[in-house]
file target_34.cif (mmCIF, C-alpha atoms)
data_input
loop_
_atom_site.group_PDB
_atom_site.id
_atom_site.type_symbol
_atom_site.label_atom_id
_atom_site.label_comp_id
_atom_site.auth_asym_id
_atom_site.auth_seq_id
_atom_site.Cartn_x
_atom_site.Cartn_y
_atom_site.Cartn_z
ATOM 1 C CA GLN A 1 9.750 -46.509 5.962
ATOM 2 C CA GLN A 2 12.487 -47.501 8.335
ATOM 3 C CA GLN A 3 13.617 -43.869 8.610
ATOM 4 C CA GLN A 4 10.043 -42.763 9.347
ATOM 5 C CA GLN A 5 9.777 -45.385 12.107
ATOM 6 C CA GLN A 6 13.057 -44.153 13.625
ATOM 7 C CA GLN A 7 11.779 -40.574 13.539
ATOM 8 C CA ARG A 8 8.508 -41.570 15.223
ATOM 9 C CA GLN A 9 10.418 -43.422 17.929
ATOM 10 C CA PHE A 10 12.706 -40.396 18.392
ATOM 11 C CA TYR A 11 9.762 -38.022 18.783
ATOM 12 C CA ASN A 12 7.855 -40.407 21.073
ATOM 13 C CA MET A 13 10.883 -40.825 23.348
ATOM 14 C CA ARG A 14 11.191 -37.080 23.766
ATOM 15 C CA GLY A 15 7.484 -36.557 24.432
ATOM 16 C CA ARG A 16 7.049 -34.399 21.370
ATOM 17 C CA ALA A 17 4.167 -34.399 18.982
ATOM 18 C CA GLN A 18 4.757 -36.419 15.875
ATOM 19 C CA PRO A 19 5.214 -34.441 12.689
ATOM 20 C CA LYS A 20 2.545 -34.461 10.046
ATOM 21 C CA PRO A 21 3.116 -36.842 7.147
ATOM 22 C CA GLY A 22 5.217 -35.172 4.469
ATOM 23 C CA ALA A 23 6.537 -32.454 6.814
ATOM 24 C CA PHE A 24 10.252 -31.748 6.762
ATOM 25 C CA VAL A 25 11.968 -33.383 9.710
ATOM 26 C CA PRO A 26 15.698 -32.884 10.121
ATOM 27 C CA SER A 27 17.446 -36.203 10.471
ATOM 28 C CA GLN A 28 19.748 -36.887 13.357
ATOM 29 C CA GLN A 29 22.646 -37.447 11.006
ATOM 30 C CA GLN A 30 22.701 -33.924 9.505
ATOM 31 C CA PRO A 31 25.921 -32.121 10.296
ATOM 32 C CA ALA A 32 25.682 -28.794 12.077
ATOM 33 C CA ARG A 33 25.849 -25.854 9.689
ATOM 34 C CA LYS A 34 28.832 -23.617 10.032
ATOM 35 C CA GLN A 35 28.174 -19.928 9.845
ATOM 36 C CA LYS A 36 30.172 -18.162 7.228
ATOM 37 C CA LYS A 37 32.431 -15.592 8.767
ATOM 38 C CA GLY A 38 33.257 -12.355 7.047
ATOM 39 C CA LEU A 39 36.692 -11.126 6.234
ATOM 40 C CA LYS A 40 38.962 -9.904 8.987
ATOM 41 C CA TRP A 41 39.496 -6.168 9.051
ATOM 42 C CA SER A 42 43.164 -6.649 8.176
ATOM 43 C CA GLU A 43 42.090 -8.529 5.031
ATOM 44 C CA VAL A 44 39.669 -5.740 4.143
ATOM 45 C CA LEU A 45 42.430 -3.158 4.628
ATOM 46 C CA ALA A 46 44.677 -5.104 2.265
ATOM 47 C CA SER A 47 41.929 -5.514 -0.344
ATOM 48 C CA GLN A 48 41.133 -1.775 -0.306
ATOM 49 C CA ASP A 49 44.787 -0.704 -0.571
ATOM 50 C CA VAL A 50 44.619 1.476 2.540
ATOM 51 C CA PRO A 51 48.007 3.152 3.157
ATOM 52 C CA LYS A 52 49.750 1.852 6.289
ATOM 53 C CA GLU A 53 49.812 5.296 7.936
ATOM 54 C CA ASP A 54 46.014 5.546 7.547
ATOM 55 C CA HIS A 55 45.034 2.243 9.166
ATOM 56 C CA ASP A 56 43.977 3.991 12.385
ATOM 57 C CA LEU A 57 41.878 6.459 10.382
ATOM 58 C CA TRP A 58 40.197 3.562 8.558
ATOM 59 C CA TYR A 59 39.427 1.735 11.829
ATOM 60 C CA PHE A 60 37.987 4.906 13.379
ATOM 61 C CA MET A 61 35.806 5.683 10.376
ATOM 62 C CA LYS A 62 34.636 2.053 10.286
ATOM 63 C CA LEU A 63 33.698 2.196 13.980
ATOM 64 C CA ILE A 64 31.565 5.288 13.484
ATOM 65 C CA ARG A 65 30.155 3.838 10.237
ATOM 66 C CA LEU A 66 31.446 6.561 7.971
ATOM 67 C CA HIS A 67 34.001 4.317 6.263
ATOM 68 C CA LYS A 68 32.729 5.118 2.787
ATOM 69 C CA TYR A 69 34.307 8.579 3.199
ATOM 70 C CA THR A 70 37.666 7.263 4.424
ATOM 71 C CA PRO A 71 39.599 7.623 1.129
ATOM 72 C CA LYS A 72 38.798 11.346 1.125
ATOM 73 C CA PHE A 73 40.725 11.744 4.392
ATOM 74 C CA TYR A 74 43.889 9.758 3.569
ATOM 75 C CA GLY A 75 46.929 11.648 4.829
ATOM 76 C CA CYS A 76 44.808 13.790 7.165
ATOM 77 C CA SER A 77 45.772 14.013 10.839
ATOM 78 C CA LEU A 78 43.350 13.987 13.768
ATOM 79 C CA GLU A 79 44.048 17.656 14.523
ATOM 80 C CA ARG A 80 43.394 18.580 10.900
ATOM 81 C CA MET A 81 40.084 16.707 10.850
ATOM 82 C CA LYS A 82 38.966 18.394 14.071
ATOM 83 C CA SER A 83 39.685 21.825 12.604
ATOM 84 C CA MET A 84 38.020 21.309 9.202
ATOM 85 C CA PRO A 85 35.213 23.798 8.551
ATOM 86 C CA PRO A 86 31.849 22.507 7.262
ATOM 87 C CA GLU A 87 32.485 24.049 3.829
ATOM 88 C CA GLU A 88 35.601 21.944 3.362
ATOM 89 C CA LEU A 89 33.764 18.807 4.475
ATOM 90 C CA SER A 90 31.014 19.598 1.955
ATOM 91 C CA GLU A 91 33.626 19.961 -0.778
ATOM 92 C CA LEU A 92 34.896 16.478 0.121
ATOM 93 C CA GLY A 93 31.382 15.148 -0.475
ATOM 94 C CA LEU A 94 30.157 14.579 3.088
ATOM 95 C CA THR A 95 26.446 15.033 3.650
ATOM 96 C CA LYS A 96 25.234 17.304 6.457
ATOM 97 C CA GLY A 97 24.350 14.246 8.543
ATOM 98 C CA ALA A 98 27.786 12.705 8.032
ATOM 99 C CA GLN A 99 29.416 16.037 8.896
ATOM 100 C CA GLY A 100 27.458 16.262 12.121
ATOM 101 C CA LYS A 101 28.234 12.690 13.087
ATOM 102 C CA LEU A 102 31.939 13.113 12.327
ATOM 103 C CA LYS A 103 32.174 16.364 14.309
ATOM 104 C CA LEU A 104 30.279 14.802 17.232
ATOM 105 C CA GLU A 105 32.515 11.729 17.355
ATOM 106 C CA LEU A 106 35.646 13.865 17.065
ATOM 107 C CA SER A 107 34.433 16.118 19.881
ATOM 108 C CA LEU A 108 33.896 13.082 22.129
ATOM 109 C CA LEU A 109 37.532 12.017 21.812
ATOM 110 C CA PRO A 110 39.855 12.972 24.676
ATOM 111 C CA PRO A 111 41.403 16.426 24.143
ATOM 112 C CA ASP A 112 44.927 15.007 24.434
ATOM 113 C CA ALA A 113 44.354 12.357 21.726
ATOM 114 C CA THR A 114 46.942 12.546 18.966
ATOM 115 C CA THR A 115 45.899 9.532 16.878
ATOM 116 C CA PHE A 116 42.608 8.025 15.807
ATOM 117 C CA PRO A 117 41.358 5.459 18.328
ATOM 118 C CA ARG A 118 40.863 1.848 17.276
ATOM 119 C CA ARG A 119 38.228 1.301 19.949
ATOM 120 C CA LEU A 120 35.422 3.524 21.132
ATOM 121 C CA ARG A 121 33.969 3.448 24.603
ATOM 122 C CA ARG A 122 30.381 2.256 24.775
ATOM 123 C CA ASP A 123 29.588 4.919 27.335
ATOM 124 C CA ARG A 124 30.991 7.777 25.242
ATOM 125 C CA TYR A 125 27.559 9.382 24.889
ATOM 126 C CA ASP A 126 26.702 9.159 28.606
ATOM 127 C CA LYS A 127 28.357 12.443 29.577
ATOM 128 C CA LEU A 128 26.793 14.239 26.613
ATOM 129 C CA ASN A 129 23.339 12.818 27.362
ATOM 130 C CA LYS A 130 23.640 13.744 31.035
ATOM 131 C CA GLN A 131 24.578 17.300 30.114
ATOM 132 C CA LYS A 132 21.595 17.516 27.779
ATOM 133 C CA ARG A 133 19.231 16.236 30.489
ATOM 134 C CA THR A 134 20.510 18.579 33.172
ATOM 135 C CA GLY A 135 21.054 21.539 30.826
ATOM 136 C CA ASP A 136 24.688 22.055 31.883
ATOM 137 C CA GLY A 137 26.212 24.504 29.357
ATOM 138 C CA VAL A 138 26.608 22.139 26.415
ATOM 139 C CA VAL A 139 27.960 23.674 23.277
ATOM 140 C CA ASN A 140 26.872 21.811 20.178
ATOM 141 C CA SER A 141 30.143 21.144 18.381
ATOM 142 C CA CYS A 142 28.287 20.523 15.119
ATOM 143 C CA ASP A 143 26.981 24.085 14.812
ATOM 144 C CA ASP A 144 29.617 26.747 14.290
ATOM 145 C CA ALA A 145 27.134 29.623 14.279
ATOM 146 C CA ASN A 146 25.340 28.528 17.478
ATOM 147 C CA GLU A 147 22.061 29.838 16.130
ATOM 148 C CA GLY A 148 19.123 30.670 18.365
ATOM 149 C CA GLY A 149 21.077 31.774 21.406
ATOM 150 C CA GLY A 150 22.476 28.379 22.298
ATOM 151 C CA MET A 151 23.030 26.972 25.737
ATOM 152 C CA ASP A 152 25.907 29.271 26.701
ATOM 153 C CA ASP A 153 23.571 32.215 27.240
ATOM 154 C CA GLU A 154 22.792 32.414 30.932
ATOM 155 C CA ASP A 155 19.986 34.316 32.640
ATOM 156 C CA GLU A 156 20.627 36.769 35.455
ATOM 157 C CA ASP A 157 20.080 34.102 38.125
ATOM 158 C CA GLY A 158 22.843 31.903 36.654
ATOM 159 C CA SER A 159 20.535 29.410 35.032
ATOM 160 C CA ASP A 160 20.550 28.836 31.317
ATOM 161 C CA GLY A 161 16.788 29.205 30.906
ATOM 162 C CA VAL A 162 16.221 25.497 30.301
ATOM 163 C CA GLY A 163 13.848 23.752 32.685
ATOM 164 C CA ALA A 164 15.600 21.562 35.220
ATOM 165 C CA SER A 165 14.930 17.858 34.933
ATOM 166 C CA ASN A 166 13.528 15.867 37.813
ATOM 167 C CA GLU A 167 16.246 13.403 38.740
#
call {"tool": "encode", "arguments": {"input": "target_34.cif", "output": "structure tokens"}}
result
Amino acid sequence: QQQQQQQRQFYNMRGRAQPKPGAFVPSQQQPARKQKKGLKWSEVLASQDVPKEDHDLWYFMKLIRLHKYTPKFYGCSLERMKSMPPEELSELGLTKGAQGKLKLELSLLPPDATTFPRRLRRDRYDKLNKQKRTGDGVVNSCDDANEGGGMDDEDEDGSDGVGASNE
């Protein structure tokens, strides 16, 4: 009863409506709950036995959310991954969607990159999206065959046949 009186006084002082009888009311003495933090990436690397030379690969694949395929690429360099044909990626067990995502992310890396990045720029898609909106000769790096003419085919007037956007 004394606790209920204290709770009523607390709610009345704050100008709040009193809780209904039997309703759960957190007491003032409850400690704040601490959120459970996950493992650090370095701890995850150690638990998965990732070779030291492939830490950058693991970070990159984790950033693009394809980390379940990482063990299939151990010992593979950035240049080698960029040059892998779709057939080889299929043999490694990558789905078509994962292949496209991997090729897209690899194509967005700077051309002079020699190692896998540990951070990705948030605006990395901006240039690609702008090119798609304006129709500036974008070559889809995911399609090797460039079926259906593609965007490299220009008309006689120099345009690529895609309607210009109103910007």
call {"tool": "residues_around", "arguments": {"input": "target_34.cif", "residues": "A:Val44", "least_positions_apart": "3", "cutoff": "12 Å", "atoms": "all atoms listed in the file", "output": "list in words"}}
result
Gly38, Leu39, Lys40, Trp41, Ser47, Gln48, Asp49, Val50, His55, Trp58, Tyr59, Lys62 and His67 of chain A
call {"tool": "resolve_selection", "arguments": {"input": "target_34.cif", "expression": "the PyMOL selection byres ((chain A and resi 75) around 8)", "output": "VMD selection string"}}
result
chain A and resid 53 to 54 73 to 74 76 to 77
call {"tool": "atom_distance", "arguments": {"input": "target_34.cif", "atom1": "atom CA of A:Tyr69", "atom2": "atom CA of A:Leu92"}}
result
8.5 Å
call {"tool": "closest_residue", "arguments": {"input": "target_34.cif", "among": "A:Leu108, A:Leu66, A:Ala113, A:Leu120", "to": "A:Leu94", "atoms": "only C-alpha atoms"}}
result
A:Leu66
call {"tool": "closest_residue", "arguments": {"input": "target_34.cif", "among": "A:Leu89, A:Ala98, A:Ala46, A:Leu104", "to": "A:Arg124", "atoms": "all atoms listed in the file"}}
result
A:Leu104
call {"tool": "resolve_selection", "arguments": {"input": "target_34.cif", "expression": "the PyMOL selection byres ((chain A and resi 103) around 12)", "output": "PyMOL selection string"}}
result
chain A and resi 61+64+66+78-86+89+94+96-102+104-109+140-144
call {"tool": "atom_distance", "arguments": {"input": "target_34.cif", "atom1": "atom CA of A:Ser42", "atom2": "atom CA of A:Arg118"}}
result
12.7 Å
call {"tool": "axis_aligned_box", "arguments": {"input": "target_34.cif", "around": "stretch 93-110 of chain A", "padding_each_side": "4 Å", "output": "lines of an AutoDock Vina configuration file"}}
result
center_x = 32.1
center_y = 14.5
center_z = 12.1
size_x = 23.5
size_y = 13.6
size_z = 33.2
call {"tool": "closest_residue", "arguments": {"input": "target_34.cif", "among": "A:Gln4, A:Lys127, A:Thr95, A:Glu88", "to": "A:Lys68", "atoms": "only C-alpha atoms"}}
result
A:Thr95
call {"tool": "closest_residue", "arguments": {"input": "target_34.cif", "among": "A:Lys130, A:Tyr125, A:Phe116, A:Gln2", "to": "A:Leu63", "atoms": "all atoms listed in the file"}}
result
A:Phe116
